[in-house]
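Data from work_8.txt: compact mmCIF, N, CA and C atoms
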# COMPACT_ATOMS: atom_id res chain seq x y z
N GLN A 1374 -2.13 9.55 18.63
CA GLN A 1374 -1.45 8.73 17.64
C GLN A 1374 -2.43 8.36 16.53
N VAL A 1375 -2.04 8.67 15.29
CA VAL A 1375 -2.90 8.33 14.18
C VAL A 1375 -2.92 6.82 13.98
N GLN A 1376 -4.04 6.29 13.55
CA GLN A 1376 -4.17 4.87 13.23
C GLN A 1376 -4.49 4.70 11.76
N LEU A 1377 -3.96 3.64 11.19
CA LEU A 1377 -4.20 3.33 9.78
C LEU A 1377 -4.92 1.99 9.68
N VAL A 1378 -5.91 1.92 8.84
CA VAL A 1378 -6.67 0.69 8.65
C VAL A 1378 -6.70 0.35 7.16
N GLU A 1379 -6.15 -0.82 6.84
CA GLU A 1379 -6.17 -1.29 5.46
C GLU A 1379 -7.40 -2.15 5.22
N SER A 1380 -7.85 -2.18 4.00
CA SER A 1380 -8.94 -3.06 3.59
C SER A 1380 -8.81 -3.35 2.10
N GLY A 1381 -9.58 -4.34 1.65
CA GLY A 1381 -9.63 -4.64 0.23
C GLY A 1381 -8.89 -5.89 -0.20
N GLY A 1382 -8.20 -6.52 0.72
CA GLY A 1382 -7.49 -7.74 0.37
C GLY A 1382 -8.44 -8.90 0.11
N GLY A 1383 -7.87 -9.99 -0.38
CA GLY A 1383 -8.69 -11.16 -0.64
C GLY A 1383 -8.01 -12.12 -1.58
N LEU A 1384 -8.80 -13.04 -2.09
CA LEU A 1384 -8.32 -14.05 -3.03
C LEU A 1384 -8.70 -13.63 -4.45
N VAL A 1385 -7.74 -13.67 -5.35
CA VAL A 1385 -7.99 -13.29 -6.74
C VAL A 1385 -7.22 -14.23 -7.65
N GLN A 1386 -7.75 -14.47 -8.82
CA GLN A 1386 -7.07 -15.33 -9.78
C GLN A 1386 -5.93 -14.57 -10.47
N PRO A 1387 -4.95 -15.29 -10.96
CA PRO A 1387 -3.88 -14.63 -11.73
C PRO A 1387 -4.47 -13.82 -12.88
N GLY A 1388 -3.91 -12.63 -13.08
CA GLY A 1388 -4.43 -11.73 -14.10
C GLY A 1388 -5.52 -10.81 -13.60
N GLY A 1389 -6.01 -11.05 -12.41
CA GLY A 1389 -7.09 -10.23 -11.86
C GLY A 1389 -6.59 -8.95 -11.22
N SER A 1390 -7.54 -8.24 -10.62
CA SER A 1390 -7.24 -6.93 -10.02
C SER A 1390 -7.83 -6.85 -8.62
N LEU A 1391 -7.19 -6.04 -7.81
CA LEU A 1391 -7.70 -5.69 -6.49
C LEU A 1391 -7.32 -4.25 -6.21
N ARG A 1392 -8.13 -3.60 -5.38
CA ARG A 1392 -7.78 -2.27 -4.91
C ARG A 1392 -7.76 -2.27 -3.39
N LEU A 1393 -6.61 -1.96 -2.84
CA LEU A 1393 -6.47 -1.85 -1.40
C LEU A 1393 -6.66 -0.40 -0.97
N SER A 1394 -7.22 -0.24 0.21
CA SER A 1394 -7.42 1.08 0.78
C SER A 1394 -6.70 1.18 2.11
N CYS A 1395 -6.23 2.35 2.42
CA CYS A 1395 -5.59 2.64 3.70
C CYS A 1395 -6.17 3.95 4.20
N THR A 1396 -6.94 3.87 5.28
CA THR A 1396 -7.64 5.05 5.79
C THR A 1396 -7.06 5.44 7.14
N ALA A 1397 -6.77 6.72 7.28
CA ALA A 1397 -6.22 7.24 8.52
C ALA A 1397 -7.33 7.73 9.45
N SER A 1398 -7.04 7.70 10.74
CA SER A 1398 -8.05 8.08 11.74
C SER A 1398 -8.23 9.59 11.82
N ARG A 1399 -7.30 10.33 11.22
CA ARG A 1399 -7.49 11.78 11.15
C ARG A 1399 -6.82 12.33 9.91
N SER A 1400 -7.07 13.58 9.64
CA SER A 1400 -6.64 14.19 8.38
C SER A 1400 -5.15 14.54 8.45
N ILE A 1401 -4.34 13.58 8.02
CA ILE A 1401 -2.89 13.78 8.09
C ILE A 1401 -2.18 13.28 6.84
N LEU A 1402 -2.85 12.42 6.08
CA LEU A 1402 -2.16 11.76 4.97
C LEU A 1402 -1.65 12.75 3.94
N ARG A 1403 -2.40 13.85 3.77
CA ARG A 1403 -2.04 14.78 2.70
C ARG A 1403 -0.69 15.47 2.96
N PHE A 1404 -0.26 15.44 4.22
CA PHE A 1404 0.96 16.17 4.58
C PHE A 1404 2.20 15.30 4.57
N ASN A 1405 2.02 14.00 4.31
CA ASN A 1405 3.13 13.07 4.45
C ASN A 1405 3.22 12.10 3.28
N THR A 1406 4.38 11.53 3.15
CA THR A 1406 4.55 10.44 2.19
C THR A 1406 3.91 9.18 2.76
N MET A 1407 3.20 8.49 1.91
CA MET A 1407 2.58 7.22 2.28
C MET A 1407 3.20 6.10 1.47
N GLY A 1408 3.52 5.02 2.15
CA GLY A 1408 4.13 3.89 1.47
C GLY A 1408 3.25 2.65 1.56
N TRP A 1409 3.35 1.83 0.53
CA TRP A 1409 2.76 0.50 0.56
C TRP A 1409 3.90 -0.51 0.55
N TYR A 1410 3.80 -1.48 1.42
CA TYR A 1410 4.81 -2.53 1.56
C TYR A 1410 4.10 -3.88 1.51
N ARG A 1411 4.89 -4.92 1.33
CA ARG A 1411 4.32 -6.25 1.40
C ARG A 1411 5.34 -7.23 1.97
N GLN A 1412 4.81 -8.28 2.55
CA GLN A 1412 5.67 -9.31 3.13
C GLN A 1412 5.08 -10.67 2.79
N ALA A 1413 5.83 -11.42 2.01
CA ALA A 1413 5.44 -12.77 1.65
C ALA A 1413 5.98 -13.74 2.70
N PRO A 1414 5.38 -14.92 2.82
CA PRO A 1414 5.85 -15.90 3.81
C PRO A 1414 7.33 -16.21 3.63
N GLY A 1415 8.06 -16.11 4.71
CA GLY A 1415 9.48 -16.44 4.67
C GLY A 1415 10.38 -15.39 4.05
N LYS A 1416 9.80 -14.24 3.73
CA LYS A 1416 10.59 -13.18 3.10
C LYS A 1416 10.53 -11.90 3.93
N GLN A 1417 11.46 -11.01 3.66
CA GLN A 1417 11.47 -9.73 4.34
C GLN A 1417 10.41 -8.81 3.74
N ARG A 1418 9.98 -7.88 4.56
CA ARG A 1418 9.04 -6.87 4.08
C ARG A 1418 9.74 -6.00 3.06
N GLU A 1419 9.04 -5.71 1.96
CA GLU A 1419 9.63 -4.92 0.89
C GLU A 1419 8.71 -3.78 0.49
N LEU A 1420 9.32 -2.74 -0.01
CA LEU A 1420 8.57 -1.58 -0.46
C LEU A 1420 7.92 -1.88 -1.81
N VAL A 1421 6.63 -1.61 -1.90
CA VAL A 1421 5.92 -1.76 -3.17
C VAL A 1421 5.95 -0.42 -3.92
N GLY A 1422 5.70 0.64 -3.19
CA GLY A 1422 5.73 1.97 -3.78
C GLY A 1422 5.32 3.00 -2.77
N HIS A 1423 5.44 4.27 -3.16
CA HIS A 1423 5.01 5.32 -2.25
C HIS A 1423 4.48 6.51 -3.03
N ILE A 1424 3.78 7.35 -2.33
CA ILE A 1424 3.26 8.59 -2.90
C ILE A 1424 3.60 9.71 -1.95
N THR A 1425 4.17 10.78 -2.47
CA THR A 1425 4.57 11.90 -1.62
C THR A 1425 3.39 12.84 -1.40
N SER A 1426 3.60 13.82 -0.54
CA SER A 1426 2.57 14.82 -0.30
C SER A 1426 2.27 15.63 -1.55
N GLY A 1427 3.22 15.65 -2.48
CA GLY A 1427 3.00 16.32 -3.75
C GLY A 1427 2.51 15.40 -4.85
N ASP A 1428 2.08 14.19 -4.43
CA ASP A 1428 1.52 13.20 -5.36
C ASP A 1428 2.52 12.64 -6.37
N VAL A 1429 3.78 12.68 -6.01
CA VAL A 1429 4.79 12.01 -6.83
C VAL A 1429 4.83 10.54 -6.39
N THR A 1430 4.77 9.65 -7.34
CA THR A 1430 4.76 8.22 -7.02
C THR A 1430 6.03 7.54 -7.50
N ASN A 1431 6.36 6.47 -6.83
CA ASN A 1431 7.53 5.67 -7.18
C ASN A 1431 7.20 4.22 -6.86
N TYR A 1432 7.63 3.29 -7.71
CA TYR A 1432 7.26 1.89 -7.56
C TYR A 1432 8.47 0.98 -7.65
N ALA A 1433 8.34 -0.15 -6.99
CA ALA A 1433 9.34 -1.20 -7.15
C ALA A 1433 9.28 -1.72 -8.58
N GLU A 1434 10.42 -2.16 -9.05
CA GLU A 1434 10.50 -2.64 -10.44
C GLU A 1434 9.55 -3.81 -10.67
N SER A 1435 9.33 -4.61 -9.66
CA SER A 1435 8.52 -5.81 -9.81
C SER A 1435 7.04 -5.50 -10.04
N VAL A 1436 6.61 -4.28 -9.70
CA VAL A 1436 5.19 -3.93 -9.85
C VAL A 1436 4.98 -2.76 -10.81
N GLU A 1437 6.06 -2.17 -11.28
CA GLU A 1437 5.97 -1.03 -12.19
C GLU A 1437 5.11 -1.37 -13.39
N GLY A 1438 4.15 -0.51 -13.69
CA GLY A 1438 3.25 -0.71 -14.82
C GLY A 1438 2.02 -1.54 -14.50
N ARG A 1439 2.02 -2.20 -13.35
CA ARG A 1439 0.86 -3.00 -12.95
C ARG A 1439 0.13 -2.41 -11.75
N PHE A 1440 0.86 -1.79 -10.87
CA PHE A 1440 0.29 -1.22 -9.65
C PHE A 1440 0.31 0.30 -9.74
N SER A 1441 -0.64 0.93 -9.08
CA SER A 1441 -0.62 2.38 -9.00
C SER A 1441 -1.16 2.84 -7.65
N ILE A 1442 -0.58 3.92 -7.16
CA ILE A 1442 -0.97 4.47 -5.86
C ILE A 1442 -1.62 5.83 -6.09
N SER A 1443 -2.69 6.06 -5.37
CA SER A 1443 -3.38 7.35 -5.44
C SER A 1443 -3.91 7.69 -4.06
N ARG A 1444 -4.37 8.92 -3.91
CA ARG A 1444 -4.90 9.33 -2.62
C ARG A 1444 -6.17 10.14 -2.82
N ASP A 1445 -7.02 10.08 -1.80
CA ASP A 1445 -8.22 10.93 -1.73
C ASP A 1445 -8.14 11.65 -0.40
N ASN A 1446 -7.67 12.89 -0.43
CA ASN A 1446 -7.46 13.62 0.81
C ASN A 1446 -8.75 13.87 1.58
N ALA A 1447 -9.85 14.04 0.88
CA ALA A 1447 -11.13 14.29 1.54
C ALA A 1447 -11.56 13.08 2.37
N LYS A 1448 -11.12 11.90 1.96
CA LYS A 1448 -11.47 10.67 2.68
C LYS A 1448 -10.33 10.16 3.55
N ASN A 1449 -9.24 10.91 3.62
CA ASN A 1449 -8.06 10.49 4.39
C ASN A 1449 -7.62 9.08 3.99
N THR A 1450 -7.66 8.80 2.72
CA THR A 1450 -7.43 7.44 2.23
C THR A 1450 -6.41 7.43 1.10
N VAL A 1451 -5.56 6.43 1.13
CA VAL A 1451 -4.62 6.16 0.06
C VAL A 1451 -4.96 4.78 -0.51
N TYR A 1452 -4.84 4.65 -1.82
CA TYR A 1452 -5.22 3.42 -2.51
C TYR A 1452 -4.02 2.78 -3.18
N LEU A 1453 -4.09 1.47 -3.29
CA LEU A 1453 -3.13 0.72 -4.09
C LEU A 1453 -3.94 -0.11 -5.08
N GLN A 1454 -3.94 0.33 -6.33
CA GLN A 1454 -4.62 -0.41 -7.38
C GLN A 1454 -3.65 -1.43 -7.96
N MET A 1455 -4.05 -2.69 -7.93
CA MET A 1455 -3.19 -3.77 -8.38
C MET A 1455 -3.85 -4.48 -9.56
N ASN A 1456 -3.21 -4.44 -10.69
CA ASN A 1456 -3.71 -5.09 -11.90
C ASN A 1456 -2.75 -6.17 -12.36
N SER A 1457 -3.24 -7.04 -13.21
CA SER A 1457 -2.41 -8.12 -13.77
C SER A 1457 -1.68 -8.87 -12.66
N LEU A 1458 -2.42 -9.24 -11.65
CA LEU A 1458 -1.79 -9.86 -10.49
C LEU A 1458 -1.19 -11.22 -10.82
N LYS A 1459 -0.08 -11.51 -10.16
CA LYS A 1459 0.65 -12.76 -10.35
C LYS A 1459 0.71 -13.52 -9.02
N PRO A 1460 0.90 -14.82 -9.07
CA PRO A 1460 1.02 -15.58 -7.81
C PRO A 1460 2.12 -15.03 -6.90
N GLU A 1461 3.17 -14.51 -7.47
CA GLU A 1461 4.26 -13.95 -6.66
C GLU A 1461 3.90 -12.64 -5.98
N ASP A 1462 2.73 -12.09 -6.27
CA ASP A 1462 2.25 -10.91 -5.56
C ASP A 1462 1.57 -11.28 -4.24
N THR A 1463 1.41 -12.57 -4.01
CA THR A 1463 0.78 -13.03 -2.77
C THR A 1463 1.61 -12.59 -1.57
N ALA A 1464 0.97 -11.89 -0.64
CA ALA A 1464 1.66 -11.35 0.53
C ALA A 1464 0.65 -10.66 1.43
N VAL A 1465 1.11 -10.30 2.61
CA VAL A 1465 0.37 -9.36 3.44
C VAL A 1465 0.83 -7.96 3.04
N TYR A 1466 -0.11 -7.11 2.73
CA TYR A 1466 0.19 -5.75 2.30
C TYR A 1466 -0.07 -4.77 3.43
N TYR A 1467 0.89 -3.88 3.63
CA TYR A 1467 0.82 -2.90 4.69
C TYR A 1467 0.95 -1.49 4.11
N CYS A 1468 0.23 -0.56 4.71
CA CYS A 1468 0.51 0.84 4.40
C CYS A 1468 1.27 1.44 5.56
N LYS A 1469 1.99 2.49 5.25
CA LYS A 1469 2.79 3.16 6.27
C LYS A 1469 2.75 4.66 6.06
N LEU A 1470 2.47 5.37 7.13
CA LEU A 1470 2.58 6.82 7.14
C LEU A 1470 4.03 7.14 7.49
N ILE A 1471 4.74 7.76 6.57
CA ILE A 1471 6.18 7.95 6.73
C ILE A 1471 6.46 9.37 7.20
N TYR A 1472 6.91 9.47 8.45
CA TYR A 1472 7.31 10.77 8.98
C TYR A 1472 8.76 11.09 8.60
N SER A 1473 9.61 10.08 8.62
CA SER A 1473 11.01 10.24 8.29
C SER A 1473 11.57 8.86 7.97
N ALA A 1474 12.86 8.80 7.71
CA ALA A 1474 13.49 7.52 7.38
C ALA A 1474 13.39 6.54 8.55
N LEU A 1475 13.25 7.08 9.76
CA LEU A 1475 13.26 6.21 10.95
C LEU A 1475 11.93 6.21 11.70
N ALA A 1476 10.97 6.99 11.27
CA ALA A 1476 9.73 7.10 12.04
C ALA A 1476 8.53 7.02 11.13
N GLY A 1477 7.52 6.31 11.60
CA GLY A 1477 6.28 6.21 10.85
C GLY A 1477 5.26 5.39 11.59
N VAL A 1478 4.09 5.25 10.99
CA VAL A 1478 3.01 4.48 11.58
C VAL A 1478 2.57 3.42 10.57
N TRP A 1479 2.44 2.19 11.05
CA TRP A 1479 2.05 1.07 10.19
C TRP A 1479 0.57 0.75 10.38
N GLY A 1480 -0.05 0.28 9.31
CA GLY A 1480 -1.35 -0.33 9.41
C GLY A 1480 -1.19 -1.77 9.84
N GLN A 1481 -2.33 -2.45 10.00
CA GLN A 1481 -2.31 -3.82 10.53
C GLN A 1481 -2.06 -4.86 9.44
N GLY A 1482 -2.19 -4.47 8.19
CA GLY A 1482 -1.95 -5.39 7.08
C GLY A 1482 -3.22 -6.04 6.56
N THR A 1483 -3.21 -6.38 5.30
CA THR A 1483 -4.33 -7.09 4.68
C THR A 1483 -3.76 -8.14 3.73
N GLN A 1484 -4.33 -9.33 3.79
CA GLN A 1484 -3.81 -10.46 3.01
C GLN A 1484 -4.29 -10.40 1.57
N VAL A 1485 -3.36 -10.57 0.65
CA VAL A 1485 -3.67 -10.71 -0.77
C VAL A 1485 -3.15 -12.06 -1.23
N THR A 1486 -4.03 -12.86 -1.78
CA THR A 1486 -3.64 -14.19 -2.28
C THR A 1486 -4.02 -14.28 -3.75
N VAL A 1487 -3.03 -14.56 -4.57
CA VAL A 1487 -3.24 -14.70 -6.01
C VAL A 1487 -3.06 -16.17 -6.35
N SER A 1488 -4.16 -16.81 -6.70
CA SER A 1488 -4.13 -18.24 -6.94
C SER A 1488 -5.32 -18.66 -7.79
N SER A 1489 -5.09 -19.69 -8.60
CA SER A 1489 -6.21 -20.23 -9.39
C SER A 1489 -6.85 -21.39 -8.64
Could you spell out this file's structure in structure tokens?
Amino acid sequence: QVQLVESGGGLVQPGGSLRLSCTASRSILRFNTMGWYRQAPGKQRELVGHITSGDVTNYAESVEGRFSISRDNAKNTVYLQMNSLKPEDTAVYYCKLIYSALAGVWGQGTQVTVSS
């Protein structure tokens, strides 16, 4: 079973930037769609965006133009670059290796807090 480990979360001021990383335990990310999700306190987990095996990206409207997803296949890592962060971006961020609509592997999550 592949494992995913997220890193890069932390506390940042509004308007700041963070880059999250999601590294797989083996070379599999290049063959699958990878998704980034987030869950704020008291809210359901929501899709932030995803990147396909062909490097096509798609983003939620709330982050379009501020966030970007990329991958480094040599490092088995997918990134979520977050710019112009807002307090409402505060959440636990998760990556997911998506095998199908019903199957995938989740990372453990990393906390992002946007606050002055």
Using only C-alpha atoms, which residues of region 1426-1470 of chain A come within 9 Å of region 1380-1394 of chain A, and what is the closest atom pair for each, with the distance in Å to one decimal? Give it as JSON lines, sorted by chain and residue number.
{"residue": "A:Thr1450", "atom": "CA", "partner": "A:Ser1394", "partner_atom": "CA", "distance": 6.5}
{"residue": "A:Val1451", "atom": "CA", "partner": "A:Ser1394", "partner_atom": "CA", "distance": 5.8}
{"residue": "A:Tyr1452", "atom": "CA", "partner": "A:Ser1394", "partner_atom": "CA", "distance": 4.6}
{"residue": "A:Leu1453", "atom": "CA", "partner": "A:Leu1393", "partner_atom": "CA", "distance": 5.0}
{"residue": "A:Gln1454", "atom": "CA", "partner": "A:Arg1392", "partner_atom": "CA", "distance": 4.4}
{"residue": "A:Met1455", "atom": "CA", "partner": "A:Leu1391", "partner_atom": "CA", "distance": 5.3}
{"residue": "A:Asn1456", "atom": "CA", "partner": "A:Ser1390", "partner_atom": "CA", "distance": 4.4}
{"residue": "A:Ser1457", "atom": "CA", "partner": "A:Gly1388", "partner_atom": "CA", "distance": 4.1}
{"residue": "A:Leu1458", "atom": "CA", "partner": "A:Gly1388", "partner_atom": "CA", "distance": 4.8}
{"residue": "A:Lys1459", "atom": "CA", "partner": "A:Pro1387", "partner_atom": "CA", "distance": 5.1}
{"residue": "A:Pro1460", "atom": "CA", "partner": "A:Pro1387", "partner_atom": "CA", "distance": 6.3}
{"residue": "A:Val1465", "atom": "CA", "partner": "A:Gly1382", "partner_atom": "CA", "distance": 8.6}
{"residue": "A:Tyr1466", "atom": "CA", "partner": "A:Gly1382", "partner_atom": "CA", "distance": 8.2}
{"residue": "A:Cys1468", "atom": "CA", "partner": "A:Ser1394", "partner_atom": "CA", "distance": 8.7}
Enclose region 1410-1414 of chain A, meaning all of its atoms listed in the file, in a box aligned along x, y and z, pad it by 8 Å on each side, and list the centre and edge lengths in Å to one decimal, as lines of an AutoDock Vina configuration file.
center_x = 5.6
center_y = -8.8
center_z = 2.6
size_x = 19.5
size_y = 30.7
size_z = 18.5
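Using only C-alpha atoms, the shortest contact distance between Ile1424 (chain A) and any of A:Val1436, A:Gln1376, A:Thr1396, A:Lys1469 is found at A:Lys1469.
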Legend entry - Residue nearest Val1487 (chain A) - candidates A:Ile1442, A:Ile1471, A:Gly1422, A:Ala1413, atoms counted: only C-alpha atoms: A:Ala1413
Legend entry - Separation of atom N of Ser1435 (chain A) from atom C of Asn1449 (chain A) in Å: 25.7 Å
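Across the structure, CA of Thr1483 (chain A) and CA of Val1378 (chain A) are spaced 9.0 Å apart.
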Inset, instruction - In Å, rounded to a single decimal, give me how far atom N of Asn1431 (chain A) is from atom N of Phe1404 (chain A). - result: 15.7 Å
Inset, instruction - Can you check which residues of chain A DSSP gives as helix (DSSP H, G or I) on the backbone and send them as number ranges by chain? - result: A: 1402-1404, 1446-1448, 1460-1462
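Close contacts of Lys1416 (chain A), defined as residues with an atom at most 12 Å away when counting only C-alpha atoms, with chain neighbours fewer than 5 positions off set aside, comprise Arg1411, Glu1461, Thr1463, Ala1464 and Val1465 of chain A.
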Inset, instruction - Identify, with DSSP run on backbone atoms, the residues in chain A assigned to strand (DSSP E or B), and express the list as a PyMOL selection string. - result: chain A and resi 1377-1380+1383-1385+1391-1397+1406-1412+1419-1424+1430-1432+1440-1445+1450-1455+1464-1471+1477-1479+1483-1487
Take region 1438-1459 of chain A from the preceding structure and save N, CA and C atoms as a CSV table (one decimal), in the first residue's frame.
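Listed below is the output, part.csv:
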chain,number,residue,atom,x,y,z
A,1438,GLY,N,-6.7,31.0,-9.5
A,1438,GLY,CA,-5.8,32.2,-9.7
A,1438,GLY,C,-4.9,32.5,-8.5
A,1439,ARG,N,-5.1,31.8,-7.4
A,1439,ARG,CA,-4.3,32.0,-6.2
A,1439,ARG,C,-3.4,30.7,-5.9
A,1440,PHE,N,-4.0,29.6,-6.2
A,1440,PHE,CA,-3.3,28.3,-5.9
A,1440,PHE,C,-2.9,27.6,-7.2
A,1441,SER,N,-1.9,26.8,-7.2
A,1441,SER,CA,-1.5,26.1,-8.3
A,1441,SER,C,-0.9,24.7,-7.9
A,1442,ILE,N,-1.2,23.7,-8.7
A,1442,ILE,CA,-0.7,22.4,-8.4
A,1442,ILE,C,0.3,22.0,-9.4
A,1443,SER,N,1.4,21.3,-9.0
A,1443,SER,CA,2.4,20.8,-9.9
A,1443,SER,C,3.0,19.5,-9.4
A,1444,ARG,N,3.7,18.9,-10.2
A,1444,ARG,CA,4.3,17.6,-9.7
A,1444,ARG,C,5.8,17.5,-10.2
A,1445,ASP,N,6.5,16.7,-9.4
A,1445,ASP,CA,7.9,16.4,-9.7
A,1445,ASP,C,8.0,14.9,-9.7
A,1446,ASN,N,7.9,14.3,-10.8
A,1446,ASN,CA,7.8,12.8,-10.9
A,1446,ASN,C,9.1,12.1,-10.3
A,1447,ALA,N,10.2,12.8,-10.5
A,1447,ALA,CA,11.5,12.2,-10.1
A,1447,ALA,C,11.6,12.1,-8.6
A,1448,LYS,N,10.8,13.0,-7.9
A,1448,LYS,CA,10.8,13.1,-6.4
A,1448,LYS,C,9.5,12.4,-5.9
A,1449,ASN,N,8.7,11.9,-6.8
A,1449,ASN,CA,7.4,11.3,-6.3
A,1449,ASN,C,6.6,12.3,-5.5
A,1450,THR,N,6.6,13.5,-5.9
A,1450,THR,CA,6.0,14.6,-5.1
A,1450,THR,C,5.1,15.5,-5.9
A,1451,VAL,N,4.0,15.8,-5.3
A,1451,VAL,CA,3.0,16.8,-5.8
A,1451,VAL,C,3.0,18.0,-4.9
A,1452,TYR,N,2.9,19.2,-5.5
A,1452,TYR,CA,3.0,20.4,-4.7
A,1452,TYR,C,1.6,21.2,-4.8
A,1453,LEU,N,1.4,21.9,-3.8
A,1453,LEU,CA,0.3,22.9,-3.8
A,1453,LEU,C,0.8,24.2,-3.4
A,1454,GLN,N,1.0,25.1,-4.4
A,1454,GLN,CA,1.5,26.5,-4.1
A,1454,GLN,C,0.3,27.4,-3.9
A,1455,MET,N,0.3,28.0,-2.7
A,1455,MET,CA,-0.8,28.8,-2.3
A,1455,MET,C,-0.3,30.3,-2.1
A,1456,ASN,N,-0.8,31.1,-2.9
A,1456,ASN,CA,-0.5,32.6,-2.8
A,1456,ASN,C,-1.7,33.4,-2.4
A,1457,SER,N,-1.4,34.6,-2.0
A,1457,SER,CA,-2.5,35.5,-1.6
A,1457,SER,C,-3.5,34.9,-0.6
A,1458,LEU,N,-2.9,34.2,0.4
A,1458,LEU,CA,-3.8,33.5,1.3
A,1458,LEU,C,-4.7,34.4,2.1
A,1459,LYS,N,-5.9,33.8,2.4
A,1459,LYS,CA,-6.9,34.5,3.2
A,1459,LYS,C,-7.2,33.7,4.4
